[in-house]
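**Q** My structure is stored as start_17.cif, with mmCIF, C-alpha atoms and all ligand atoms.
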```cif
data_target
#
loop_
_atom_site.label_atom_id
_atom_site.label_comp_id
_atom_site.auth_asym_id
_atom_site.auth_seq_id
_atom_site.Cartn_x
_atom_site.Cartn_y
_atom_site.Cartn_z
CA MET G 646 1.09 -3.27 -13.06
CA ASN G 647 3.02 0.01 -12.93
CA ALA G 648 6.43 0.09 -11.33
CA ILE G 649 7.02 2.36 -8.29
CA TYR G 650 10.58 3.53 -7.69
CA ASP G 651 12.27 5.37 -4.85
CA VAL G 652 13.91 7.60 -7.44
CA VAL G 653 13.23 8.04 -11.15
CA ILE G 654 16.10 9.63 -13.07
CA ILE G 655 15.34 11.27 -16.39
CA GLY G 656 18.44 11.34 -18.61
CA GLY G 657 21.06 8.62 -18.98
CA GLY G 658 24.24 10.70 -19.30
CA MET G 659 27.18 10.78 -16.91
CA SER G 660 25.20 12.74 -14.32
CA GLY G 661 22.07 10.57 -14.44
CA MET G 662 24.03 7.31 -14.49
CA MET G 663 26.24 8.35 -11.57
CA ALA G 664 23.16 9.48 -9.59
CA ALA G 665 21.62 6.07 -10.25
CA ALA G 666 24.80 4.25 -9.21
CA ALA G 667 25.03 6.19 -5.94
CA LEU G 668 21.37 5.53 -5.09
CA ALA G 669 21.48 1.85 -6.03
CA LYS G 670 24.61 1.41 -3.90
CA ASN G 671 22.55 2.64 -0.94
CA GLY G 672 19.79 0.13 -1.63
CA ARG G 673 17.34 2.45 -3.39
CA LYS G 674 15.03 1.19 -6.10
CA VAL G 675 15.96 3.26 -9.14
CA ALA G 676 14.88 3.71 -12.75
CA VAL G 677 16.70 5.65 -15.46
CA ILE G 678 14.69 6.86 -18.44
CA SER G 679 16.72 8.05 -21.42
CA LYS G 680 15.62 9.26 -24.81
CA GLY G 681 18.96 8.38 -26.38
CA ASP G 682 22.64 7.75 -25.80
CA PRO G 683 24.50 10.53 -24.00
CA VAL G 684 27.23 12.98 -24.96
CA CYS G 685 29.92 10.88 -23.25
CA CYS G 686 29.80 8.53 -26.28
CA PHE G 687 31.38 11.34 -28.33
CA SER G 688 33.94 12.23 -25.70
CA THR G 689 37.57 11.22 -25.25
CA GLY G 690 36.51 9.11 -22.28
CA CYS G 691 38.78 11.23 -20.08
CA ILE G 692 37.29 12.88 -17.03
CA ASP G 693 37.90 16.62 -17.07
CA LEU G 694 37.50 18.08 -13.59
CA LEU G 695 38.75 21.58 -14.34
CA ALA G 696 41.25 21.75 -17.14
CA ASP G 697 43.12 24.96 -16.31
CA GLY G 698 45.91 24.80 -13.75
CA ASP G 699 47.87 21.92 -12.28
CA ASP G 700 45.59 21.09 -9.34
CA PRO G 701 41.98 20.85 -10.59
CA LEU G 702 40.36 20.27 -7.20
CA LYS G 703 42.12 23.26 -5.67
CA GLY G 704 41.29 25.35 -8.75
CA ILE G 705 37.56 24.99 -8.08
CA ALA G 706 37.81 27.66 -5.36
CA SER G 707 38.57 30.24 -8.07
CA LEU G 708 35.41 29.55 -10.11
CA PRO G 709 32.58 32.11 -9.96
CA ASP G 710 30.44 31.85 -6.80
CA ASN G 711 27.43 30.57 -8.73
CA HIS G 712 29.26 27.61 -10.34
CA PRO G 713 27.51 24.30 -9.39
CA TYR G 714 30.78 22.80 -8.12
CA HIS G 715 30.50 25.09 -5.07
CA LEU G 716 27.19 23.43 -4.12
CA VAL G 717 28.98 20.09 -3.95
CA GLY G 718 32.17 21.06 -2.11
CA GLU G 719 35.70 19.77 -2.59
CA ASP G 720 35.48 16.69 -0.33
CA ALA G 721 32.24 15.49 -1.91
CA ILE G 722 33.66 16.06 -5.40
CA ALA G 723 36.65 13.90 -4.51
CA HIS G 724 34.36 11.19 -3.07
CA SER G 725 32.18 11.17 -6.17
CA LEU G 726 35.24 10.60 -8.36
CA ASP G 727 36.32 7.76 -6.03
CA LEU G 728 32.90 6.21 -6.50
CA PHE G 729 33.27 6.56 -10.27
CA GLN G 730 36.74 4.99 -10.24
CA GLY G 731 35.48 2.11 -8.07
CA ILE G 732 32.66 1.36 -10.51
CA MET G 733 34.95 1.41 -13.53
CA SER G 734 37.54 -0.80 -11.80
CA GLU G 735 34.89 -3.35 -10.84
CA GLY G 736 33.87 -3.40 -14.50
CA GLY G 737 37.43 -4.13 -15.64
CA MET G 738 38.04 -0.68 -17.15
CA PRO G 739 40.06 1.10 -14.46
CA TYR G 740 40.70 4.82 -14.50
CA VAL G 741 43.92 6.34 -13.20
CA GLY G 742 44.65 9.83 -11.96
CA ASP G 743 44.52 12.14 -8.99
CA VAL G 744 42.01 14.90 -8.27
CA HIS G 745 44.94 17.09 -7.30
CA ALA G 746 46.88 16.70 -10.55
CA ASN G 747 45.93 17.40 -14.12
CA ARG G 748 47.72 15.31 -16.71
CA ARG G 749 48.27 15.70 -20.44
CA VAL G 750 46.76 13.40 -23.02
CA LEU G 751 48.04 13.37 -26.59
CA THR G 752 45.25 13.97 -29.12
CA SER G 753 45.02 12.81 -32.71
CA LEU G 754 45.94 16.33 -33.86
CA GLY G 755 49.24 16.05 -32.04
CA ARG G 756 48.29 18.59 -29.39
CA CYS G 757 47.90 17.76 -25.71
CA LYS G 758 44.65 17.98 -23.81
CA SER G 759 44.64 18.65 -20.07
CA THR G 760 42.43 16.32 -18.06
CA CYS G 761 42.18 14.63 -14.66
CA LEU G 762 41.22 10.94 -14.75
CA VAL G 763 42.06 8.77 -17.75
CA PRO G 764 41.38 5.17 -18.74
CA GLU G 765 44.40 3.00 -17.91
CA THR G 766 45.06 2.74 -21.67
CA MET G 767 46.08 6.43 -21.59
CA GLU G 768 48.14 6.27 -18.41
CA PHE G 769 51.42 6.74 -20.28
CA SER G 770 50.16 9.48 -22.56
CA ASP G 771 51.79 12.17 -20.42
CA PHE G 772 55.27 11.74 -21.90
CA ASP G 773 58.44 13.73 -21.72
CA SER G 774 59.11 15.37 -25.09
CA ASP G 775 62.70 14.05 -25.04
CA GLU G 776 61.40 10.51 -25.15
CA TYR G 777 60.93 8.78 -28.54
CA ILE G 778 57.30 8.10 -29.50
CA HIS G 779 56.41 5.59 -32.18
CA VAL G 780 52.87 5.98 -33.52
CA ILE G 781 51.19 2.93 -34.98
CA SER G 782 48.49 3.81 -37.42
CA PHE G 783 46.08 1.61 -39.38
CA TYR G 784 45.87 1.47 -43.15
CA LYS G 785 43.08 3.74 -44.46
CA MET G 786 41.70 4.28 -40.94
CA LYS G 787 39.33 7.23 -41.08
CA ASP G 788 40.28 10.51 -39.39
CA PHE G 789 43.63 9.41 -37.98
CA TYR G 790 46.78 10.80 -39.58
CA PRO G 791 50.03 9.99 -37.72
CA GLN G 792 51.77 12.81 -39.61
CA TYR G 793 49.78 15.34 -37.52
CA ILE G 794 51.65 13.96 -34.52
CA THR G 795 55.08 13.23 -35.99
CA SER G 796 55.23 16.71 -37.58
CA ARG G 797 54.92 18.29 -34.12
CA TYR G 798 57.51 16.10 -32.39
CA THR G 799 61.02 15.80 -33.74
CA ASN G 800 61.59 12.63 -31.76
CA ALA G 801 58.77 10.56 -33.27
CA GLY G 802 58.11 8.15 -36.10
CA TYR G 803 55.28 5.93 -37.33
CA SER G 804 54.42 2.60 -38.93
CA VAL G 805 51.17 1.52 -40.56
CA PHE G 806 49.41 -1.82 -39.97
CA ASP G 807 46.73 -3.16 -42.30
CA PRO G 808 43.87 -4.55 -40.18
CA GLY G 809 41.66 -5.33 -43.19
CA VAL G 810 38.92 -2.92 -42.05
CA ILE G 811 38.93 0.86 -41.96
CA THR G 812 36.46 1.99 -39.31
CA THR G 813 37.34 2.66 -35.66
CA ALA G 814 34.67 0.26 -34.41
CA GLY G 815 35.67 -2.39 -36.97
CA ILE G 816 39.34 -2.31 -35.92
CA ALA G 817 38.38 -2.35 -32.21
CA GLU G 818 36.29 -5.47 -32.79
CA LYS G 819 39.16 -7.16 -34.62
CA PHE G 820 41.43 -6.64 -31.61
CA GLU G 821 39.08 -8.80 -29.54
CA ASN G 822 39.89 -11.71 -31.86
CA ARG G 823 42.88 -13.65 -30.50
CA PRO G 824 44.57 -14.66 -33.82
CA PHE G 825 44.32 -11.03 -35.00
CA LEU G 826 45.79 -9.76 -31.73
CA GLU G 827 48.66 -12.27 -31.88
CA ALA G 828 49.40 -11.37 -35.53
CA PHE G 829 49.46 -7.69 -34.59
CA ILE G 830 51.83 -8.28 -31.65
CA SER G 831 54.26 -10.27 -33.76
CA TRP G 832 54.14 -7.56 -36.45
CA VAL G 833 55.09 -4.94 -33.83
CA GLN G 834 57.84 -7.22 -32.49
CA GLY G 835 59.28 -7.37 -36.00
CA LEU G 836 59.53 -3.59 -36.33
CA ASP G 837 62.89 -2.00 -35.86
CA ILE G 838 61.97 0.99 -33.72
CA PRO G 839 64.07 3.02 -31.28
CA GLU G 840 63.62 2.72 -27.49
CA GLY G 841 60.59 4.66 -26.29
CA ARG G 842 56.82 4.51 -26.06
CA ILE G 843 54.29 3.25 -28.57
CA ALA G 844 51.12 5.23 -29.24
CA MET G 845 48.06 3.99 -31.10
CA PRO G 846 44.65 5.41 -31.93
CA ALA G 847 42.07 4.25 -29.39
CA VAL G 848 41.00 1.02 -31.07
CA LEU G 849 42.29 -1.58 -28.61
CA GLY G 850 39.02 -3.42 -28.25
CA ARG G 851 35.59 -2.36 -27.24
CA ASN G 852 34.60 -4.48 -24.25
CA LEU G 853 37.78 -6.46 -23.64
CA VAL G 854 40.06 -3.44 -23.71
CA GLY G 855 41.93 -4.36 -20.50
CA ASP G 856 42.98 -7.78 -21.87
CA VAL G 857 43.96 -6.35 -25.25
CA TYR G 858 45.93 -3.50 -23.72
CA HIS G 859 47.85 -5.69 -21.27
CA GLN G 860 48.65 -8.31 -23.88
CA ILE G 861 50.02 -5.76 -26.34
CA SER G 862 52.03 -4.04 -23.58
CA ALA G 863 53.52 -7.36 -22.47
CA GLY G 864 54.09 -8.56 -26.03
CA CYS G 865 55.88 -5.35 -27.04
CA GLY G 866 57.72 -4.90 -23.74
CA ARG G 867 57.04 -1.15 -23.98
CA LYS G 868 54.86 1.49 -22.40
CA ILE G 869 51.97 1.87 -24.82
CA PHE G 870 49.08 4.30 -24.80
CA GLU G 871 45.92 5.06 -26.74
CA ILE G 872 45.25 8.37 -28.46
CA PRO G 873 41.56 9.36 -28.34
CA THR G 874 40.10 9.76 -31.82
CA LEU G 875 37.25 11.74 -33.29
CA PRO G 876 33.74 10.28 -32.78
CA PRO G 877 32.82 7.50 -32.77
CA SER G 878 35.21 7.42 -29.85
CA MET G 879 35.96 3.99 -28.44
CA PRO G 880 36.97 5.33 -24.97
CA GLY G 881 33.70 7.31 -24.86
CA LEU G 882 31.65 4.27 -25.88
CA ARG G 883 33.52 2.07 -23.39
CA LEU G 884 32.81 4.59 -20.62
CA PHE G 885 29.12 4.61 -21.46
CA GLY G 886 28.98 0.82 -21.82
CA GLY G 887 30.85 0.29 -18.55
CA LEU G 888 28.50 2.51 -16.55
CA LYS G 889 25.37 1.10 -18.16
CA LYS G 890 26.50 -2.45 -17.39
CA ALA G 891 27.27 -1.48 -13.78
CA LEU G 892 23.76 -0.05 -13.39
CA LEU G 893 22.15 -3.24 -14.68
CA GLN G 894 24.29 -5.29 -12.29
CA LYS G 895 23.14 -3.09 -9.41
CA GLY G 896 19.50 -3.76 -10.31
CA VAL G 897 18.72 -0.34 -11.82
CA ASN G 898 15.85 -0.49 -14.29
CA LEU G 899 16.67 1.17 -17.61
CA TYR G 900 14.03 2.56 -19.95
CA TRP G 901 16.21 3.36 -22.96
CA GLY G 902 15.20 5.06 -26.19
CA LYS G 903 12.18 6.63 -24.55
CA GLY G 904 11.38 10.28 -23.89
CA ILE G 905 8.69 11.65 -21.60
CA TYR G 906 5.17 11.93 -22.98
CA SER G 907 3.43 13.39 -19.92
CA VAL G 908 4.01 14.30 -16.28
CA GLU G 909 1.50 13.63 -13.47
CA LYS G 910 1.48 15.93 -10.47
CA LEU G 911 -0.42 15.80 -7.19
CA GLY G 912 -0.24 19.09 -5.33
CA ASN G 913 3.41 20.09 -5.17
CA ARG G 914 4.72 16.64 -5.96
CA ILE G 915 5.45 14.78 -9.15
CA GLU G 916 3.75 11.40 -8.97
CA ALA G 917 4.71 9.76 -12.23
CA VAL G 918 5.81 10.20 -15.81
CA THR G 919 4.44 8.43 -18.85
CA LEU G 920 6.90 7.37 -21.50
CA ALA G 921 6.55 8.32 -25.13
CA SER G 922 6.10 5.08 -27.07
CA SER G 923 4.18 3.86 -30.08
CA GLY G 924 2.67 0.94 -28.15
CA ARG G 925 0.95 0.74 -24.77
CA ALA G 926 1.82 3.67 -22.49
CA THR G 927 4.28 2.93 -19.68
CA ARG G 928 3.73 4.85 -16.49
CA VAL G 929 6.75 5.15 -14.18
CA GLU G 930 5.96 6.24 -10.65
CA GLY G 931 8.51 7.58 -8.20
CA ARG G 932 8.85 9.12 -4.76
CA ALA G 933 11.52 11.49 -6.05
CA PHE G 934 12.70 12.50 -9.53
CA ILE G 935 16.09 13.65 -10.77
CA LEU G 936 16.28 15.68 -13.96
CA ALA G 937 19.55 14.92 -15.80
CA THR G 938 18.62 15.59 -19.41
CA GLY G 939 21.74 17.55 -20.32
CA SER G 940 22.04 20.88 -22.04
CA PHE G 941 21.19 21.93 -25.60
CA VAL G 942 23.17 19.16 -27.25
CA SER G 943 21.00 16.41 -25.73
CA GLY G 944 17.74 18.34 -25.80
CA GLY G 945 17.39 19.03 -22.06
CA LEU G 946 17.28 22.70 -22.98
CA GLN G 947 15.88 24.21 -26.15
CA ALA G 948 16.47 27.73 -27.42
CA SER G 949 14.17 29.77 -29.61
CA MET G 950 14.99 33.28 -30.83
CA ASP G 951 14.81 34.86 -27.39
CA THR G 952 13.90 32.19 -24.83
CA VAL G 953 15.35 29.02 -23.38
CA THR G 954 12.96 26.22 -22.39
CA GLU G 955 13.46 23.19 -20.15
CA THR G 956 11.85 20.37 -22.13
CA VAL G 957 10.44 17.88 -19.57
CA PHE G 958 8.91 19.81 -16.65
CA ASP G 959 8.91 23.27 -18.22
CA LEU G 960 11.00 24.56 -15.30
CA PRO G 961 11.98 28.22 -15.38
CA ALA G 962 15.36 28.39 -17.14
CA TYR G 963 17.99 31.04 -16.52
CA LEU G 964 18.69 33.07 -19.65
CA PRO G 965 21.89 35.09 -19.90
CA GLY G 966 20.56 38.34 -21.35
CA ALA G 967 19.20 39.14 -24.80
CA ARG G 968 20.06 36.92 -27.75
CA GLU G 969 22.66 39.29 -29.21
CA THR G 970 24.78 38.73 -26.07
CA TRP G 971 24.63 34.89 -26.24
CA PHE G 972 27.58 34.33 -28.58
CA ASN G 973 31.07 35.73 -29.03
CA ASP G 974 32.04 36.84 -32.52
CA ASP G 975 34.83 34.28 -32.42
CA PHE G 976 33.05 30.91 -32.45
CA PHE G 977 36.05 29.09 -30.97
CA ALA G 978 36.59 31.55 -28.12
CA ALA G 979 35.85 30.01 -24.71
CA GLY G 980 32.94 31.42 -22.76
CA HIS G 981 29.87 32.06 -24.89
CA GLU G 982 27.26 33.60 -22.58
CA ILE G 983 24.63 31.05 -23.64
CA GLU G 984 26.63 28.40 -21.81
CA LYS G 985 25.36 29.94 -18.56
CA ALA G 986 21.76 29.05 -19.47
CA GLY G 987 20.08 26.33 -17.46
CA ILE G 988 18.24 25.48 -14.29
CA ARG G 989 19.18 27.25 -11.09
CA VAL G 990 19.07 25.09 -7.97
CA ASP G 991 19.28 25.57 -4.22
CA SER G 992 21.86 23.89 -1.98
CA SER G 993 19.83 20.64 -2.13
CA PHE G 994 19.85 20.62 -5.94
CA ARG G 995 16.16 21.49 -6.05
CA PRO G 996 15.08 23.90 -8.80
CA VAL G 997 14.43 27.44 -7.56
CA ASP G 998 11.29 29.40 -8.43
CA THR G 999 9.08 26.31 -8.49
CA GLU G 1000 6.77 24.73 -5.95
CA ILE G 1001 7.74 21.16 -6.79
CA GLU G 1002 9.06 19.40 -3.68
CA ASN G 1003 10.40 16.09 -4.94
CA LEU G 1004 12.45 17.12 -7.98
CA TYR G 1005 16.27 17.45 -8.14
CA VAL G 1006 18.51 18.55 -11.00
CA CYS G 1007 22.09 17.64 -11.93
CA GLY G 1008 24.62 17.69 -14.76
CA SER G 1009 25.14 20.03 -17.66
CA ILE G 1010 21.55 21.32 -17.55
CA LEU G 1011 22.49 23.28 -14.41
CA ALA G 1012 22.77 27.05 -14.87
CA PHE G 1013 26.27 28.56 -14.70
CA SER G 1014 28.02 25.21 -15.30
CA GLU G 1015 29.84 26.58 -18.40
CA VAL G 1016 31.24 23.18 -19.18
CA MET G 1017 33.10 24.19 -22.35
CA LYS G 1018 34.64 27.32 -20.84
CA TYR G 1019 35.98 25.57 -17.75
CA ARG G 1020 36.42 22.17 -19.43
CA CYS G 1021 34.81 20.43 -16.49
CA GLY G 1022 32.29 18.23 -18.40
CA HIS G 1023 32.32 14.74 -16.96
CA GLY G 1024 33.74 15.91 -13.62
CA MET G 1025 30.82 18.28 -13.07
CA ALA G 1026 28.33 15.63 -14.23
CA ILE G 1027 29.75 13.01 -11.83
CA ALA G 1028 29.98 15.40 -8.87
CA THR G 1029 26.51 16.93 -9.23
CA GLY G 1030 24.93 13.56 -10.11
CA VAL G 1031 26.17 11.98 -6.88
CA ALA G 1032 25.33 15.14 -4.90
CA ALA G 1033 21.74 15.20 -6.22
CA ALA G 1034 21.43 11.50 -5.38
CA ASN G 1035 22.62 12.15 -1.83
CA ALA G 1036 20.24 15.11 -1.51
CA CYS G 1037 17.18 13.09 -2.45
CA GLY G 1038 18.34 9.73 -1.09
CA GLY G 1039 17.63 10.74 2.48
CA LEU G 1040 14.04 11.62 1.67
CA VAL G 1041 12.88 8.40 0.05
C1 LIG K 1101 31.63 16.46 -28.49
C2 LIG K 1101 31.84 16.55 -27.01
C3 LIG K 1101 32.99 16.00 -26.45
C4 LIG K 1101 33.21 16.09 -25.07
N1 LIG K 1101 34.34 15.54 -24.56
C5 LIG K 1101 34.53 15.56 -23.22
C6 LIG K 1101 35.69 14.93 -22.64
O1 LIG K 1101 36.53 14.38 -23.35
N2 LIG K 1101 35.83 14.94 -21.28
C7 LIG K 1101 34.91 15.55 -20.46
O2 LIG K 1101 35.09 15.55 -19.23
N3 LIG K 1101 33.82 16.15 -20.98
C8 LIG K 1101 33.60 16.16 -22.33
N4 LIG K 1101 32.48 16.74 -22.86
C9 LIG K 1101 31.47 17.29 -21.95
C10 LIG K 1101 30.68 16.15 -21.29
O3 LIG K 1101 30.51 15.11 -22.23
C11 LIG K 1101 29.32 16.58 -20.79
O4 LIG K 1101 29.36 17.83 -20.16
C12 LIG K 1101 28.73 15.60 -19.77
O5 LIG K 1101 28.99 14.26 -20.12
C13 LIG K 1101 27.26 15.87 -19.71
O6 LIG K 1101 26.60 14.86 -19.01
P1 LIG K 1101 25.07 15.04 -18.64
O7 LIG K 1101 24.67 13.84 -17.87
O8 LIG K 1101 24.84 16.35 -18.01
O9 LIG K 1101 24.25 15.11 -20.02
P2 LIG K 1101 24.21 14.31 -21.38
O10 LIG K 1101 25.40 13.50 -21.63
O11 LIG K 1101 23.84 15.33 -22.39
O12 LIG K 1101 23.02 13.28 -21.17
C14 LIG K 1101 21.68 13.67 -21.14
C15 LIG K 1101 20.83 12.45 -21.46
O13 LIG K 1101 19.44 12.80 -21.29
C16 LIG K 1101 18.68 12.26 -22.35
N5 LIG K 1101 17.47 13.09 -22.51
C17 LIG K 1101 17.38 14.35 -22.98
N6 LIG K 1101 16.08 14.73 -22.99
C18 LIG K 1101 15.36 13.69 -22.52
C19 LIG K 1101 13.97 13.46 -22.29
N7 LIG K 1101 13.03 14.38 -22.57
N8 LIG K 1101 13.58 12.27 -21.79
C20 LIG K 1101 14.49 11.29 -21.51
N9 LIG K 1101 15.83 11.46 -21.71
C21 LIG K 1101 16.25 12.63 -22.20
C22 LIG K 1101 19.61 12.32 -23.55
O14 LIG K 1101 19.22 11.41 -24.55
C23 LIG K 1101 20.98 11.97 -22.91
O15 LIG K 1101 21.20 10.59 -22.91
C24 LIG K 1101 32.25 16.71 -24.24
C25 LIG K 1101 31.10 17.27 -24.80
C26 LIG K 1101 30.89 17.21 -26.17
C27 LIG K 1101 29.65 17.83 -26.75
#
```
Let me see the structure of the file written as structure tokens.

**A**
Amino acid sequence: MNAIYDVVIIGGGMSGMMAAAALAKNGRKVAVISKGDPVCCFSTGCIDLLADGDDPLKGIASLPDNHPYHLVGEDAIAHSLDLFQGIMSEGGMPYVGDVHANRRVLTSLGRCKSTCLVPETMEFSDFDSDEYIHVISFYKMKDFYPQYITSRYTNAGYSVFDPGVITTAGIAEKFENRPFLEAFISWVQGLDIPEGRIAMPAVLGRNLVGDVYHQISAGCGRKIFEIPTLPPSMPGLRLFGGLKKALLQKGVNLYWGKGIYSVEKLGNRIEAVTLASSGRATRVEGRAFILATGSFVSGGLQASMDTVTETVFDLPAYLPGARETWFNDDFFAAGHEIEKAGIRVDSSFRPVDTEIENLYVCGSILAFSEVMKYRCGHGMAIATGVAAANACGGLV
């Protein structure tokens, strides 16, 4: 028998997962269909709300009028981040921070990134440059060079521990093994390092990060913090794992590793989608649908030479001018025009220029979100995901 849901969410990224969490919290029967793992797995795990300026929530007022944050509103953005923090705390991976204060997080290149909410393991990353920082690195660990950090700070030093494995995931797994953790703590205790903080690449466990972090902090008697590393990023994977687990606990049905094969419509409504699979077709029926398939990087949008296509419902996509205007000459410059591409929505997060009545859109697939330019990735995904859920939740 086919399942019938109040809301079917297509796309299991930050926006889709937060929409699902908000709906499930209000007793809705929800399914999330996702072709693959989302972009947050590659991220630092930090929640950027709006990276420029000291007060990110206040800064939203200065964004262009068509930015999707304006459809949500400041109070609802703050509530959506509260909801996110509540979910992560319940899952034992608390996030700290304040929507009115950006904080700095040290990166593995020794520069600081501005962000809003951080996992508790990065709480002490915003340090005063007068304070001594001791970086602990791991022998032969890929893509982490403490010298990048110590060369930028005169008041810093480093030591290297040999964990017996070289990959980020391998070291993180080792930290969940008690004898390994105890051996590491006693090694740190034996180091002769000046007063100050201890920084480590983000490898302090995968699922049991809270226990590992608190035991090392207590054992060392210091403020310690994790430095996000290049992908695979443990904080990004923990974030994804934490949300996915929370959805399962809330009774959300997950169809993972499956794209959409076909869409059934009746009049102006979407009735069901059929999942792409090699075996028997699965039909998933819903009263409302939320499209959260992300931007180009996840395949929610696809560009050809001169068009941009939305890949599930073939919705009309906003295109920022002719192709020669899409990119800046300087690849690393913020604000490539193509970042404005996406689906335009009305104040209820329904796509404009279509007759479909029961479809809502959220996340980085939204037109004018310009996530890289404004560095508002996860913040925008969380805020619009919860807002789209609230918009359709009243109808089902
Ligand atoms: C490398 C990188 C690092 C980043 N780091 C940060 C950071 O540190 N902090 C921050 O705040 N932001 C960061 N961002 C931005 C942020 O990750 C994203 O803007 C945000 O997470 C997007 O969430 P989303 O839900 O819109 O989409 P996505 O995360 O792209 O998720 C979309 C999901 O939809 C699925 N999907 C796509 N098509 C289909 C289909 N046809 N059927 C079913 N499922 C489908 C995909 O498999 C994917 O799981 C980073 C982005 C990148 C690329």

**Q** Show me which residues line ligand LIG 1101 (chain K), defined as having an atom within 6 Å of a ligand atom where only C-alpha atoms and all ligand atoms count, and present them as a count of residues only.

**A** 41

**Q** Produce a table with one row for each residue of region 817-903 of chain G that has an atom at most 12 Å from any atom of region 753-772 of chain G, each row naming the nearest atom pair and its distance in Å at one decimal; use all atoms listed in the file; arrange rows by chain and rising residue number; format as a tab-separated table.

**A**
```
residue	atom	partner	partner_atom	distance
G:Gly841	CA	G:Phe772	CA	9.9
G:Arg842	CA	G:Phe769	CA	8.2
G:Ile843	CA	G:Phe769	CA	9.4
G:Ala844	CA	G:Ser770	CA	8.0
G:Met845	CA	G:Ser753	CA	9.5
G:Pro846	CA	G:Ser753	CA	7.5
G:Ala847	CA	G:Thr766	CA	8.4
G:Val848	CA	G:Thr766	CA	10.4
G:Leu849	CA	G:Thr766	CA	8.6
G:Gly850	CA	G:Thr766	CA	10.9
G:Leu853	CA	G:Thr766	CA	11.9
G:Val854	CA	G:Thr766	CA	8.2
G:Gly855	CA	G:Thr766	CA	7.8
G:Asp856	CA	G:Thr766	CA	10.7
G:Val857	CA	G:Thr766	CA	9.8
G:Tyr858	CA	G:Thr766	CA	6.6
G:His859	CA	G:Thr766	CA	8.9
G:Gln860	CA	G:Thr766	CA	11.8
G:Ile861	CA	G:Thr766	CA	10.9
G:Ser862	CA	G:Thr766	CA	9.9
G:Arg867	CA	G:Phe769	CA	10.4
G:Lys868	CA	G:Phe769	CA	6.6
G:Ile869	CA	G:Phe769	CA	6.7
G:Phe870	CA	G:Met767	CA	4.9
G:Glu871	CA	G:Met767	CA	5.3
G:Ile872	CA	G:Ser753	CA	6.2
G:Pro873	CA	G:Ser753	CA	6.6
G:Thr874	CA	G:Ser753	CA	5.9
G:Leu875	CA	G:Ser753	CA	7.9
G:Pro876	CA	G:Ser753	CA	11.6
G:Ser878	CA	G:Ser753	CA	11.6
G:Met879	CA	G:Pro764	CA	11.2
G:Pro880	CA	G:Pro764	CA	7.6
G:Gly881	CA	G:Pro764	CA	10.1
G:Arg883	CA	G:Pro764	CA	9.6
G:Leu884	CA	G:Pro764	CA	8.8
G:Gly887	CA	G:Pro764	CA	11.6
```

**Q** Show me the residues close to (22.6, 29.7, -26.6) - anything with an atom within 10 Å, counting all atoms listed in the file - and format the list as a VMD selection string.

**A** chain G and resid 940 to 941 946 to 953 964 to 965 968 to 972 981 to 986

**Q** Restrict the selected residues to C-alpha atoms and save them as a compact mmCIF listing (two decimals), in the coordinates of the input.

**A**
```
# COMPACT_ATOMS: atom_id res chain seq x y z
CA SER G 940 22.04 20.88 -22.04
CA PHE G 941 21.19 21.93 -25.60
CA LEU G 946 17.28 22.70 -22.98
CA GLN G 947 15.88 24.21 -26.15
CA ALA G 948 16.47 27.73 -27.42
CA SER G 949 14.17 29.77 -29.61
CA MET G 950 14.99 33.28 -30.83
CA ASP G 951 14.81 34.86 -27.39
CA THR G 952 13.90 32.19 -24.83
CA VAL G 953 15.35 29.02 -23.38
CA LEU G 964 18.69 33.07 -19.65
CA PRO G 965 21.89 35.09 -19.90
CA ARG G 968 20.06 36.92 -27.75
CA GLU G 969 22.66 39.29 -29.21
CA THR G 970 24.78 38.73 -26.07
CA TRP G 971 24.63 34.89 -26.24
CA PHE G 972 27.58 34.33 -28.58
CA HIS G 981 29.87 32.06 -24.89
CA GLU G 982 27.26 33.60 -22.58
CA ILE G 983 24.63 31.05 -23.64
CA GLU G 984 26.63 28.40 -21.81
CA LYS G 985 25.36 29.94 -18.56
CA ALA G 986 21.76 29.05 -19.47
```

**Q** Considering only C-alpha atoms, state which residue in the set G:Pro824, G:Pro713, G:Ala801, G:Asp775 is at the smallest distance from Ala1012 (chain G).

**A**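 Closest to Ala1012 (chain G) of all the choices is G:Pro713.
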
**Q** Please compute the CA of Val990 (chain G)-CA of Asn1035 (chain G) distance, one decimal, in Å.

**A**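 The value is 14.8 Å.
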
**Q** So what do you get for CA of Ile1027 (chain G) versus CA of Lys910 (chain G), distance-wise?

**A**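 Result for CA of Ile1027 (chain G) versus CA of Lys910 (chain G): 28.5 Å, one decimal.
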
**Q** For a quick check of understanding, using all atoms listed in the file, which of G:Leu702, G:Val653, G:Ile732, G:Ile1001 has the smallest distance to Gly718 (chain G)?

**A** G:Leu702

**Q** What separation in Å, quoted to one decimal, exists between CA of Lys703 (chain G) and CA of Tyr740 (chain G)?

**A** 20.5 Å

**Q** For each of G:Ser1014, G:Gly886, G:Ala1028, G:Leu751, take the minimum atom-to-atom distance to Glu719 (chain G), counting only C-alpha atoms, then give the residue where this is smallest.

**A**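 That would be G:Ala1028, the residue with the smallest distance to Glu719 (chain G).
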
**Q** Could you name the residues that touch region 992-994 of chain G at 9 Å or less, counting only C-alpha atoms, but leaving out those on the same chain fewer than 6 positions away, as a list in words?

**A**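 Listing them by chain and then by number gives Leu716, Val717, Leu1004, Tyr1005, Val1006, Cys1007, Thr1029, Ala1032, Ala1033, Asn1035, Ala1036 and Cys1037 of chain G.
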
**Q** Hey, what's within 9 Å of region 707-709 of chain G if we count all atoms listed in the file and toss same-chain stuff fewer than 6 positions away? As a VMD selection string, please?

**A** chain G and resid 715 1013 1019
